[in-house]
file upload-v5.pdb (PDB, C-alpha atoms)
ATOM      1  CA  MET M   1     -24.301 -13.950  26.652
ATOM      2  CA  ALA M   2     -23.482 -15.493  23.306
ATOM      3  CA  GLY M   3     -23.517 -12.975  20.521
ATOM      4  CA  THR M   4     -22.977 -10.007  22.802
ATOM      5  CA  ALA M   5     -19.894  -8.874  20.912
ATOM      6  CA  LEU M   6     -21.705  -9.021  17.592
ATOM      7  CA  ARG M   7     -24.723  -7.190  18.920
ATOM      8  CA  ARG M   8     -22.688  -4.382  20.411
ATOM      9  CA  ARG M   9     -24.642  -1.181  19.960
ATOM     10  CA  LEU M  10     -22.963   1.122  17.521
ATOM     11  CA  SER M  11     -22.935   4.356  19.447
ATOM     12  CA  TRP M  12     -21.698   7.793  18.522
ATOM     13  CA  GLN M  13     -18.871   8.935  20.735
ATOM     14  CA  VAL M  14     -16.590  11.923  20.974
ATOM     15  CA  ALA M  15     -12.950  11.348  20.065
ATOM     16  CA  LYS M  16     -10.101  13.810  20.457
ATOM     17  CA  VAL M  17      -7.799  14.725  17.613
ATOM     18  CA  SER M  18      -4.237  14.037  18.725
ATOM     19  CA  ALA M  19      -2.465  15.129  15.547
ATOM     20  CA  VAL M  20      -3.108  16.190  11.964
ATOM     21  CA  THR M  21      -0.391  15.499   9.407
ATOM     22  CA  THR M  22      -0.135  16.553   5.781
ATOM     23  CA  GLU M  23       0.142  13.725   3.256
ATOM     24  CA  THR M  24      -0.351  15.712   0.046
ATOM     25  CA  PRO M  25      -1.649  19.235  -0.706
ATOM     26  CA  SER M  26      -5.240  17.913  -0.435
ATOM     27  CA  VAL M  27      -4.883  14.970   1.947
ATOM     28  CA  ARG M  28      -4.464  14.889   5.726
ATOM     29  CA  THR M  29      -4.055  12.052   8.194
ATOM     30  CA  ILE M  30      -5.991  12.628  11.411
ATOM     31  CA  MET M  31      -4.816  10.745  14.492
ATOM     32  CA  LEU M  32      -7.553  10.147  17.037
ATOM     33  CA  GLU M  33      -7.829   9.250  20.682
ATOM     34  CA  VAL M  34     -11.040   7.248  20.951
ATOM     35  CA  PRO M  35     -11.975   6.502  24.570
ATOM     36  CA  ASP M  36     -14.222   3.521  23.889
ATOM     37  CA  TRP M  37     -12.617   1.771  20.932
ATOM     38  CA  PRO M  38     -13.154  -2.006  20.786
ATOM     39  CA  GLY M  39     -10.342  -2.540  18.279
ATOM     40  CA  HIS M  40     -10.686  -2.826  14.512
ATOM     41  CA  GLN M  41      -9.774  -5.057  11.597
ATOM     42  CA  ALA M  42      -7.623  -3.978   8.682
ATOM     43  CA  GLY M  43      -9.896  -2.507   6.000
ATOM     44  CA  GLN M  44     -12.725  -1.352   8.275
ATOM     45  CA  HIS M  45     -14.238   2.144   8.400
ATOM     46  CA  LEU M  46     -15.624   4.592  10.839
ATOM     47  CA  ASP M  47     -18.390   7.143  10.388
ATOM     48  CA  ILE M  48     -17.804  10.820  11.137
ATOM     49  CA  ARG M  49     -20.705  13.114  12.048
ATOM     50  CA  LEU M  50     -20.567  16.891  11.872
ATOM     51  CA  THR M  51     -23.392  18.998  13.294
ATOM     52  CA  ASP M  52     -23.598  22.717  12.518
ATOM     53  CA  GLU M  53     -25.064  25.475  14.712
ATOM     54  CA  ASP M  54     -28.612  25.092  13.389
ATOM     55  CA  GLY M  55     -28.641  21.327  13.832
ATOM     56  CA  TYR M  56     -27.873  20.268  10.262
ATOM     57  CA  VAL M  57     -26.057  16.941  10.371
ATOM     58  CA  ALA M  58     -23.709  15.473   7.773
ATOM     59  CA  GLU M  59     -22.258  11.965   8.058
ATOM     60  CA  ARG M  60     -19.510  10.347   6.020
ATOM     61  CA  SER M  61     -17.710   7.041   6.175
ATOM     62  CA  TYR M  62     -13.890   6.997   6.170
ATOM     63  CA  SER M  63     -11.516   4.077   5.941
ATOM     64  CA  ILE M  64      -9.276   3.514   8.937
ATOM     65  CA  ALA M  65      -5.672   4.121   7.919
ATOM     66  CA  SER M  66      -3.929   2.507  10.876
ATOM     67  CA  ALA M  67      -3.413  -1.188  11.563
ATOM     68  CA  PRO M  68      -5.278  -3.045  14.297
ATOM     69  CA  GLY M  69      -3.536  -2.293  17.581
ATOM     70  CA  GLU M  70      -2.270   1.101  16.437
ATOM     71  CA  PRO M  71      -3.944   4.350  17.485
ATOM     72  CA  VAL M  72      -6.977   5.041  15.302
ATOM     73  CA  ALA M  73      -6.203   7.231  12.304
ATOM     74  CA  ILE M  74      -8.116   8.237   9.198
ATOM     75  CA  THR M  75      -6.717   9.741   6.014
ATOM     76  CA  VAL M  76      -9.043  12.220   4.343
ATOM     77  CA  GLU M  77      -8.928  13.699   0.857
ATOM     78  CA  ARG M  78     -10.396  17.169   0.438
ATOM     79  CA  LEU M  79     -13.305  17.256  -2.002
ATOM     80  CA  ASP M  80     -13.896  20.847  -3.054
ATOM     81  CA  ASP M  81     -17.678  20.436  -3.054
ATOM     82  CA  GLY M  82     -17.692  18.174  -0.001
ATOM     83  CA  GLU M  83     -19.777  18.848   3.090
ATOM     84  CA  VAL M  84     -17.429  17.107   5.498
ATOM     85  CA  SER M  85     -13.950  16.683   4.053
ATOM     86  CA  PRO M  86     -13.003  20.417   3.772
ATOM     87  CA  TYR M  87     -13.661  20.797   7.494
ATOM     88  CA  LEU M  88     -11.574  17.730   8.296
ATOM     89  CA  THR M  89      -8.638  18.707   6.067
ATOM     90  CA  ASP M  90      -8.610  22.493   6.548
ATOM     91  CA  GLU M  91     -10.146  23.362   9.913
ATOM     92  CA  LEU M  92      -9.565  20.489  12.293
ATOM     93  CA  ARG M  93      -6.640  20.857  14.722
ATOM     94  CA  ALA M  94      -4.983  18.743  17.397
ATOM     95  CA  GLY M  95      -7.052  18.978  20.565
ATOM     96  CA  ASP M  96     -10.379  19.331  18.739
ATOM     97  CA  ASP M  97     -13.269  16.960  19.417
ATOM     98  CA  LEU M  98     -14.738  14.828  16.640
ATOM     99  CA  GLU M  99     -17.910  12.731  16.767
ATOM    100  CA  LEU M 100     -17.574   9.233  15.340
ATOM    101  CA  ARG M 101     -18.819   5.670  15.490
ATOM    102  CA  GLY M 102     -17.120   2.441  14.538
ATOM    103  CA  PRO M 103     -15.438   0.252  13.633
ATOM    104  CA  ILE M 104     -17.724  -0.703  10.751
ATOM    105  CA  GLY M 105     -17.628  -3.338   8.028
ATOM    106  CA  GLY M 106     -16.659  -6.964   7.664
ATOM    107  CA  TYR M 107     -16.554  -7.435   3.901
ATOM    108  CA  PHE M 108     -13.542  -5.419   2.794
ATOM    109  CA  THR M 109     -11.259  -6.688   5.561
ATOM    110  CA  TRP M 110      -8.116  -8.794   5.708
ATOM    111  CA  GLY M 111      -6.362 -10.758   8.419
ATOM    112  CA  PRO M 112      -3.404 -13.171   8.249
ATOM    113  CA  GLN M 113      -5.855 -16.100   8.377
ATOM    114  CA  ASP M 114      -7.227 -14.969   4.996
ATOM    115  CA  GLY M 115      -3.889 -15.738   3.364
ATOM    116  CA  GLY M 116      -2.915 -14.626  -0.109
ATOM    117  CA  PRO M 117      -0.902 -13.900  -2.158
ATOM    118  CA  LEU M 118      -2.319 -10.421  -1.842
ATOM    119  CA  LEU M 119      -2.956  -8.163  -4.800
ATOM    120  CA  LEU M 120      -3.885  -4.688  -3.585
ATOM    121  CA  LEU M 121      -5.116  -2.195  -6.163
ATOM    122  CA  ALA M 122      -5.555   1.433  -5.210
ATOM    123  CA  GLY M 123      -6.877   4.417  -7.115
ATOM    124  CA  GLY M 124      -6.083   7.723  -5.383
ATOM    125  CA  SER M 125      -7.189   7.767  -1.759
ATOM    126  CA  GLY M 126      -8.322   4.166  -2.206
ATOM    127  CA  VAL M 127      -4.870   3.364  -0.866
ATOM    128  CA  VAL M 128      -6.000   4.137   2.698
ATOM    129  CA  PRO M 129      -7.564   0.788   3.738
ATOM    130  CA  LEU M 130      -4.879  -1.065   1.773
ATOM    131  CA  ARG M 131      -2.219   0.706   3.828
ATOM    132  CA  SER M 132      -3.960  -0.604   6.945
ATOM    133  CA  ILE M 133      -3.812  -4.104   5.459
ATOM    134  CA  LEU M 134      -0.084  -3.779   4.629
ATOM    135  CA  ARG M 135       0.733  -2.494   8.110
ATOM    136  CA  HIS M 136      -1.320  -5.281   9.666
ATOM    137  CA  ARG M 137       0.501  -7.836   7.533
ATOM    138  CA  GLU M 138       3.844  -6.513   8.750
ATOM    139  CA  ARG M 139       2.836  -6.175  12.410
ATOM    140  CA  THR M 140       1.489  -9.729  12.571
ATOM    141  CA  GLY M 141       4.645 -11.171  10.992
ATOM    142  CA  SER M 142       2.674 -12.522   8.045
ATOM    143  CA  THR M 143       4.844 -13.759   5.195
ATOM    144  CA  VAL M 144       2.026 -13.707   2.628
ATOM    145  CA  PRO M 145       3.497 -12.167  -0.546
ATOM    146  CA  ALA M 146       1.855  -8.839  -1.340
ATOM    147  CA  ARG M 147       1.809  -6.476  -4.287
ATOM    148  CA  LEU M 148       0.305  -3.010  -4.237
ATOM    149  CA  LEU M 149      -0.473  -1.371  -7.556
ATOM    150  CA  TYR M 150      -1.203   2.267  -6.803
ATOM    151  CA  SER M 151      -2.516   4.723  -9.367
ATOM    152  CA  SER M 152      -2.199   8.475  -8.760
ATOM    153  CA  ARG M 153      -2.396  11.505 -10.999
ATOM    154  CA  THR M 154       1.012  12.993 -10.169
ATOM    155  CA  LEU M 155       3.849  12.266  -7.760
ATOM    156  CA  ASP M 156       2.587  15.054  -5.480
ATOM    157  CA  ASP M 157      -0.723  13.180  -5.153
ATOM    158  CA  VAL M 158       0.902  10.004  -3.812
ATOM    159  CA  ILE M 159      -0.288   9.390  -0.245
ATOM    160  CA  TYR M 160       2.100   7.695   2.251
ATOM    161  CA  ARG M 161       4.979   8.234  -0.183
ATOM    162  CA  ALA M 162       7.817   7.871   2.334
ATOM    163  CA  GLU M 163       6.249   4.741   3.818
ATOM    164  CA  LEU M 164       5.648   3.143   0.428
ATOM    165  CA  ASP M 165       9.255   3.832  -0.576
ATOM    166  CA  GLN M 166      10.358   1.455   2.209
ATOM    167  CA  PRO M 167       8.150  -1.613   1.784
ATOM    168  CA  ALA M 168       8.344  -4.484   4.257
ATOM    169  CA  PRO M 169      10.009  -7.733   3.136
ATOM    170  CA  GLY M 170       7.730  -9.625   0.774
ATOM    171  CA  VAL M 171       5.878  -6.483  -0.352
ATOM    172  CA  GLU M 172       6.229  -4.988  -3.821
ATOM    173  CA  ILE M 173       4.976  -1.484  -4.513
ATOM    174  CA  ILE M 174       4.173  -0.705  -8.142
ATOM    175  CA  GLU M 175       3.110   2.821  -8.986
ATOM    176  CA  THR M 176       1.552   4.470 -11.978
ATOM    177  CA  LEU M 177       1.206   8.210 -12.507
ATOM    178  CA  THR M 178      -1.544   8.902 -14.988
ATOM    179  CA  ARG M 179      -1.315  12.644 -15.590
ATOM    180  CA  HIS M 180       2.250  13.818 -15.093
ATOM    181  CA  GLN M 181       5.503  12.015 -14.421
ATOM    182  CA  PRO M 182       8.683  13.560 -13.034
ATOM    183  CA  PRO M 183      11.927  13.256 -15.015
ATOM    184  CA  ALA M 184      13.532   9.827 -14.691
ATOM    185  CA  TRP M 185      10.255   8.260 -13.487
ATOM    186  CA  THR M 186      10.658   4.501 -13.665
ATOM    187  CA  GLY M 187       7.120   3.478 -12.752
ATOM    188  CA  TYR M 188       4.145   3.170 -15.072
ATOM    189  CA  ALA M 189       2.652   6.236 -16.734
ATOM    190  CA  ARG M 190      -0.807   5.080 -17.779
ATOM    191  CA  ARG M 191      -4.180   4.121 -16.432
ATOM    192  CA  VAL M 192      -4.670   0.702 -14.929
ATOM    193  CA  ASP M 193      -6.214  -1.570 -17.560
ATOM    194  CA  ALA M 194      -6.187  -5.239 -18.447
ATOM    195  CA  ALA M 195      -2.792  -4.974 -20.149
ATOM    196  CA  LEU M 196      -1.148  -3.299 -17.173
ATOM    197  CA  LEU M 197      -2.784  -5.730 -14.767
ATOM    198  CA  GLY M 198      -1.465  -8.570 -16.887
ATOM    199  CA  GLU M 199       2.060  -7.352 -16.148
ATOM    200  CA  VAL M 200       1.677  -7.077 -12.375
ATOM    201  CA  GLU M 201      -1.012  -9.488 -11.208
ATOM    202  CA  TRP M 202      -0.342 -12.843  -9.587
ATOM    203  CA  PRO M 203      -1.330 -15.711 -11.869
ATOM    204  CA  ALA M 204      -4.876 -16.827 -11.065
ATOM    205  CA  ALA M 205      -3.533 -20.346 -10.465
ATOM    206  CA  GLU M 206      -1.795 -19.096  -7.293
ATOM    207  CA  MET M 207      -5.257 -18.374  -5.843
ATOM    208  CA  PRO M 208      -4.518 -14.735  -5.053
ATOM    209  CA  LEU M 209      -6.784 -12.544  -2.968
ATOM    210  CA  ALA M 210      -7.437  -9.115  -4.499
ATOM    211  CA  TYR M 211      -8.629  -5.927  -2.804
ATOM    212  CA  VAL M 212      -9.615  -3.078  -5.101
ATOM    213  CA  CYS M 213     -10.386   0.356  -3.681
ATOM    214  CA  GLY M 214     -10.873   3.690  -5.383
ATOM    215  CA  PRO M 215     -13.340   5.733  -7.393
ATOM    216  CA  THR M 216     -16.214   3.748  -8.875
ATOM    217  CA  SER M 217     -14.872   3.847 -12.446
ATOM    218  CA  PHE M 218     -11.449   2.581 -11.320
ATOM    219  CA  VAL M 219     -12.931  -0.248  -9.261
ATOM    220  CA  GLU M 220     -15.289  -1.344 -12.037
ATOM    221  CA  ALA M 221     -12.537  -1.439 -14.656
ATOM    222  CA  VAL M 222     -10.010  -3.212 -12.451
ATOM    223  CA  SER M 223     -12.338  -5.778 -10.918
ATOM    224  CA  GLN M 224     -13.790  -6.734 -14.301
ATOM    225  CA  ALA M 225     -10.323  -7.144 -15.772
ATOM    226  CA  LEU M 226      -9.251  -9.355 -12.872
ATOM    227  CA  VAL M 227     -12.286 -11.593 -13.239
ATOM    228  CA  GLN M 228     -11.685 -11.838 -16.983
ATOM    229  CA  SER M 229      -8.121 -12.954 -16.307
ATOM    230  CA  GLY M 230      -9.423 -15.823 -14.195
ATOM    231  CA  TYR M 231      -9.722 -14.459 -10.670
ATOM    232  CA  PRO M 232     -12.841 -15.921  -9.024
ATOM    233  CA  PRO M 233     -15.264 -13.030  -8.254
ATOM    234  CA  GLN M 234     -15.363 -14.032  -4.584
ATOM    235  CA  ARG M 235     -11.565 -13.513  -4.399
ATOM    236  CA  VAL M 236     -11.893  -9.910  -5.659
ATOM    237  CA  LYS M 237     -13.095  -7.636  -2.861
ATOM    238  CA  THR M 238     -14.106  -4.152  -3.863
ATOM    239  CA  GLU M 239     -14.796  -0.821  -2.250
ATOM    240  CA  ARG M 240     -16.014   2.123  -4.273
ATOM    241  CA  PHE M 241     -15.906   5.811  -3.451
ATOM    242  CA  GLY M 242     -18.177   8.262  -5.154
ATOM    243  CA  ALA M 243     -16.653  10.967  -7.318
ATOM    244  CA  THR M 244     -13.302  11.819  -5.754
ATOM    245  CA  GLY M 245     -10.007  13.374  -6.639
ATOM    246  CA  GLY M 246      -9.109  10.848  -9.284
ATOM    247  CA  THR M 247      -6.421   8.373 -10.125
TER     248      THR M 247
ATOM    249  CA  MET Z   1     -25.598  10.412  -9.692
ATOM    250  CA  GLN Z   2     -22.711   8.136  -8.921
ATOM    251  CA  ALA Z   3     -23.165   5.021  -6.829
ATOM    252  CA  VAL Z   4     -20.855   3.963  -4.044
ATOM    253  CA  ASP Z   5     -21.165   0.469  -2.630
ATOM    254  CA  GLY Z   6     -22.570  -1.360   0.352
ATOM    255  CA  ASN Z   7     -19.425  -0.780   2.387
ATOM    256  CA  ALA Z   8     -20.485   2.857   2.713
ATOM    257  CA  ILE Z   9     -23.651   1.951   4.647
ATOM    258  CA  GLY Z  10     -22.080  -0.486   7.094
ATOM    259  CA  GLY Z  11     -22.845   1.939   9.928
ATOM    260  CA  LEU Z  12     -26.454   2.439   8.871
ATOM    261  CA  LEU Z  13     -26.986  -1.319   8.550
ATOM    262  CA  LEU Z  14     -25.367  -1.961  11.913
ATOM    263  CA  GLU Z  15     -27.780   0.581  13.377
ATOM    264  CA  VAL Z  16     -30.794  -1.100  11.758
ATOM    265  CA  PHE Z  17     -29.889  -4.765  12.149
ATOM    266  CA  GLY Z  18     -27.637  -4.655  15.211
ATOM    267  CA  THR Z  19     -24.952  -6.719  13.516
ATOM    268  CA  GLU Z  20     -22.318  -6.362  10.829
ATOM    269  CA  MET Z  21     -24.011  -6.733   7.434
ATOM    270  CA  THR Z  22     -21.535  -5.733   4.706
ATOM    271  CA  GLY Z  23     -20.479  -9.357   4.250
ATOM    272  CA  ALA Z  24     -24.059 -10.707   4.357
ATOM    273  CA  ALA Z  25     -25.332 -12.528   1.282
ATOM    274  CA  THR Z  26     -28.106 -11.037  -0.839
ATOM    275  CA  VAL Z  27     -30.174 -12.349  -3.722
ATOM    276  CA  CYS Z  28     -32.050  -9.901  -5.924
ATOM    277  CA  GLY Z  29     -35.788 -10.605  -5.910
ATOM    278  CA  THR Z  30     -36.061  -9.510  -9.536
ATOM    279  CA  CYS Z  31     -33.156 -11.126 -11.393
ATOM    280  CA  GLY Z  32     -31.668 -13.516  -8.854
ATOM    281  CA  ASP Z  33     -28.206 -11.919  -8.873
ATOM    282  CA  ALA Z  34     -26.325 -13.027  -5.731
ATOM    283  CA  ARG Z  35     -23.746 -10.749  -4.073
ATOM    284  CA  PRO Z  36     -22.604  -9.694  -0.628
ATOM    285  CA  VAL Z  37     -24.077  -6.418   0.637
ATOM    286  CA  GLY Z  38     -20.652  -4.781   0.267
ATOM    287  CA  GLU Z  39     -20.903  -5.170  -3.525
ATOM    288  CA  LEU Z  40     -24.345  -3.629  -4.031
ATOM    289  CA  ALA Z  41     -24.852  -0.214  -5.632
ATOM    290  CA  VAL Z  42     -25.708   2.437  -3.058
ATOM    291  CA  TYR Z  43     -27.074   5.914  -3.732
ATOM    292  CA  LEU Z  44     -26.547   8.147  -0.722
ATOM    293  CA  ARG Z  45     -27.952  11.389  -2.059
ATOM    294  CA  ALA Z  46     -31.388  10.190  -3.033
ATOM    295  CA  PRO Z  47     -34.115  11.163  -0.570
ATOM    296  CA  GLY Z  48     -33.000   8.552   1.929
ATOM    297  CA  THR Z  49     -30.550   5.795   1.056
ATOM    298  CA  ILE Z  50     -31.286   3.530  -1.907
ATOM    299  CA  VAL Z  51     -29.597   0.195  -2.590
ATOM    300  CA  ARG Z  52     -29.871  -1.252  -6.089
ATOM    301  CA  CYS Z  53     -28.969  -4.479  -7.849
ATOM    302  CA  ARG Z  54     -25.769  -4.194  -9.896
ATOM    303  CA  THR Z  55     -27.178  -6.431 -12.605
ATOM    304  CA  CYS Z  56     -30.789  -5.310 -13.178
ATOM    305  CA  ASP Z  57     -30.860  -2.001 -11.247
ATOM    306  CA  SER Z  58     -33.927  -2.958  -9.201
ATOM    307  CA  VAL Z  59     -34.306  -1.272  -5.818
ATOM    308  CA  LEU Z  60     -33.321  -3.869  -3.211
ATOM    309  CA  MET Z  61     -33.410  -1.791  -0.048
ATOM    310  CA  ALA Z  62     -34.535   1.704   0.902
ATOM    311  CA  PHE Z  63     -33.908   3.558   4.162
ATOM    312  CA  VAL Z  64     -35.703   6.818   4.881
ATOM    313  CA  THR Z  65     -35.670   8.774   8.107
ATOM    314  CA  ALA Z  66     -38.742  10.903   8.809
ATOM    315  CA  HIS Z  67     -39.965  12.380  12.080
ATOM    316  CA  ASP Z  68     -37.153  10.626  13.965
ATOM    317  CA  ARG Z  69     -38.190   7.202  12.671
ATOM    318  CA  MET Z  70     -36.305   5.167  10.145
ATOM    319  CA  CYS Z  71     -38.458   3.381   7.583
ATOM    320  CA  VAL Z  72     -36.820   0.316   6.056
ATOM    321  CA  ASP Z  73     -38.030  -1.316   2.837
ATOM    322  CA  LEU Z  74     -36.424  -4.636   1.908
ATOM    323  CA  GLN Z  75     -39.065  -5.780  -0.580
ATOM    324  CA  GLY Z  76     -36.646  -6.005  -3.487
ATOM    325  CA  LEU Z  77     -34.599  -8.753  -1.846
ATOM    326  CA  ALA Z  78     -35.279 -12.463  -2.120
ATOM    327  CA  VAL Z  79     -32.518 -13.265   0.422
ATOM    328  CA  LEU Z  80     -30.635 -11.267   3.024
ATOM    329  CA  GLY Z  81     -28.346 -12.918   5.530
TER     330      GLY Z  81
END

call {"tool": "encode", "arguments": {"input": "upload-v5.pdb", "output": "structure tokens"}}
result
Amino acid sequence: MAGTALRRRLSWQVAKVSAVTTETPSVRTIMLEVPDWPGHQAGQHLDIRLTDEDGYVAERSYSIASAPGEPVAITVERLDDGEVSPYLTDELRAGDDLELRGPIGGYFTWGPQDGGPLLLLAGGSGVVPLRSILRHRERTGSTVPARLLYSSRTLDDVIYRAELDQPAPGVEIIETLTRHQPPAWTGYARRVDAALLGEVEWPAAEMPLAYVCGPTSFVEAVSQALVQSGYPPQRVKTERFGATGGT
Amino acid sequence: MQAVDGNAIGGLLLEVFGTEMTGAATVCGTCGDARPVGELAVYLRAPGTIVRCRTCDSVLMAFVTAHDRMCVDLQGLAVLG
């Protein structure tokens, strides 16, 4: 029947954790085996549901860290006052079950047909869906030029550090550390603002496609600056977290 | 309380509408501001889930679950889809 795929019921299902890896002191990547996974697009999410002994339920949405076609993975930052993330980062082990539903979302997504050049702007764990986009770009053989500007507090807070140190051809990684920089740091050492964006962004005339993901304050500042520099609002896709670990 | 955005309720909207909605167009019924759902301001920790206009702060959508039923209020929207 036409429309069946679109009208797929979004059902909760139980996935199995296949591995948990440490990205930073407060961030873990959780690899999942999901029995009934229809495939996802780069930039999509899934919802996680935790139920405690007396039936209290907490749900949160997490960006998918892996590219389409790769095993499903999420990368989770521990929020000290969080209801869900401390369990995911501190308690969850390989072999555990985890209830989830997804994939979800069609706004903050990218595929090779969307083109570029790509300007990816990440604050803190906002890098997660952008990593999925970069991996998807590489796996599909896309030659769209891509720049990732990634703001973290310190070098120890940089997620996917080893991977980002070896970018694929056509990808530039530009980092800024806003709180503390190691000796001989050659990246930026300040918050992302209009001046910094002016040094790294593609000229608006090249019709770039921007994806901005991070805490609300980061996304607001960056997306406004991009629009002021001539990016059409519909070419600036945004995704905001609530209060998180910072940039 | 800090807002997230419409991307965070993609699962809820898929549950309610049966289709992906984060890219759907909206027009605020109060000020006429037009944006995709993914751009709207979303408050998750209100009683229920509240979606507001980024320009005039009007309530566009409200979702409240009570007695195993979800109540959906879309009165603040002029356009959705």

call {"tool": "residues_near_point", "arguments": {"input": "upload-v5.pdb", "point": "(-26.3, 8.7, 0.5)", "cutoff": "9 Å", "atoms": "all atoms listed in the file", "output": "number ranges by chain"}}
result
M: 60; Z: 3-4, 8-9, 42-50

call {"tool": "closest_atom_pairs", "arguments": {"input": "upload-v5.pdb", "of": "chain Z", "to": "chain M", "cutoff": "6 Å", "atoms": "only C-alpha atoms", "output": "Markdown table"}}
result
| residue | atom | partner | partner_atom | distance |
| --- | --- | --- | --- | --- |
| Z:Gln2 | CA | M:Gly242 | CA | 5.9 |
| Z:Val4 | CA | M:Arg240 | CA | 5.2 |
| Z:Asp5 | CA | M:Arg240 | CA | 5.7 |
| Z:Gly10 | CA | M:Gly105 | CA | 5.4 |
| Z:Gly11 | CA | M:Ile104 | CA | 5.8 |
| Z:Gly18 | CA | M:Arg7 | CA | 5.4 |
| Z:Thr19 | CA | M:Arg7 | CA | 5.4 |
| Z:Thr22 | CA | M:Tyr107 | CA | 5.3 |
| Z:Gly23 | CA | M:Tyr107 | CA | 4.4 |

call {"tool": "residues_around", "arguments": {"input": "upload-v5.pdb", "residues": "Leu164 (chain M)", "least_positions_apart": "6", "cutoff": "12 Å", "atoms": "only C-alpha atoms", "output": "list in words"}}
result
Val127, Val128, Leu130, Arg131, Leu134, Arg135, Arg147, Leu148, Leu149, Tyr150, Val158, Val171, Glu172, Ile173, Ile174 and Glu175 of chain M

call {"tool": "resolve_selection", "arguments": {"input": "upload-v5.pdb", "expression": "the PyMOL selection byres ((chain Z and resi 57) around 12)", "output": "PyMOL selection string"}}
result
chain Z and resi 3+28-33+40-43+50-56+58-61+76

call {"tool": "residues_around", "arguments": {"input": "upload-v5.pdb", "residues": "Glu91 (chain M)", "least_positions_apart": "5", "cutoff": "12 Å", "atoms": "all atoms listed in the file", "output": "list in words"}}
result
Val17, Val20, Arg28, Ile30, Arg78, Val84, Ser85, Pro86, Asp96, Asp97 and Leu98 of chain M

call {"tool": "resolve_selection", "arguments": {"input": "upload-v5.pdb", "expression": "the PyMOL selection byres ((chain M and resi 203) around 12)", "output": "PDB file with C-alpha atoms, in the coordinates of the input"}}
result
ATOM      1  CA  GLY M 116      -2.915 -14.626  -0.109  1.00  0.00           C
ATOM      2  CA  PRO M 117      -0.902 -13.900  -2.158  1.00  0.00           C
ATOM      3  CA  LEU M 118      -2.319 -10.421  -1.842  1.00  0.00           C
ATOM      4  CA  LEU M 119      -2.956  -8.163  -4.800  1.00  0.00           C
ATOM      5  CA  LEU M 197      -2.784  -5.730 -14.767  1.00  0.00           C
ATOM      6  CA  GLY M 198      -1.465  -8.570 -16.887  1.00  0.00           C
ATOM      7  CA  GLU M 199       2.060  -7.352 -16.148  1.00  0.00           C
ATOM      8  CA  VAL M 200       1.677  -7.077 -12.375  1.00  0.00           C
ATOM      9  CA  GLU M 201      -1.012  -9.488 -11.208  1.00  0.00           C
ATOM     10  CA  TRP M 202      -0.342 -12.843  -9.587  1.00  0.00           C
ATOM     11  CA  ALA M 204      -4.876 -16.827 -11.065  1.00  0.00           C
ATOM     12  CA  ALA M 205      -3.533 -20.346 -10.465  1.00  0.00           C
ATOM     13  CA  GLU M 206      -1.795 -19.096  -7.293  1.00  0.00           C
ATOM     14  CA  MET M 207      -5.257 -18.374  -5.843  1.00  0.00           C
ATOM     15  CA  PRO M 208      -4.518 -14.735  -5.053  1.00  0.00           C
ATOM     16  CA  LEU M 209      -6.784 -12.544  -2.968  1.00  0.00           C
ATOM     17  CA  ALA M 210      -7.437  -9.115  -4.499  1.00  0.00           C
ATOM     18  CA  LEU M 226      -9.251  -9.355 -12.872  1.00  0.00           C
ATOM     19  CA  VAL M 227     -12.286 -11.593 -13.239  1.00  0.00           C
ATOM     20  CA  SER M 229      -8.121 -12.954 -16.307  1.00  0.00           C
ATOM     21  CA  GLY M 230      -9.423 -15.823 -14.195  1.00  0.00           C
ATOM     22  CA  TYR M 231      -9.722 -14.459 -10.670  1.00  0.00           C
ATOM     23  CA  PRO M 232     -12.841 -15.921  -9.024  1.00  0.00           C
TER      24      PRO M 232
END

call {"tool": "closest_residue", "arguments": {"input": "upload-v5.pdb", "among": "M:Gly43, M:Arg235, M:Ala195, M:Arg49", "to": "Asn7 (chain Z)", "atoms": "all atoms listed in the file"}}
result
M:Gly43

call {"tool": "residues_near_point", "arguments": {"input": "upload-v5.pdb", "point": "(-21.4, -12.5, 6.0)", "cutoff": "10 Å", "atoms": "all atoms listed in the file", "output": "PyMOL selection string"}}
result
(chain M and resi 106-107) or (chain Z and resi 20-26+36-38+80-81)

call {"tool": "atom_distance", "arguments": {"input": "upload-v5.pdb", "atom1": "CA of Pro129 (chain M)", "atom2": "CA of Thr186 (chain M)"}}
result
25.5 Å

call {"tool": "closest_residue", "arguments": {"input": "upload-v5.pdb", "among": "Z:Cys71, Z:Ala62, Z:Leu13, Z:Glu39", "to": "Val27 (chain Z)", "atoms": "only C-alpha atoms"}}
result
Z:Glu39

call {"tool": "atom_distance", "arguments": {"input": "upload-v5.pdb", "atom1": "CA of His136 (chain M)", "atom2": "CA of Val14 (chain M)"}}
result
25.6 Å

call {"tool": "atom_distance", "arguments": {"input": "upload-v5.pdb", "atom1": "CA of Tyr56 (chain M)", "atom2": "CA of His40 (chain M)"}}
result
29.1 Å
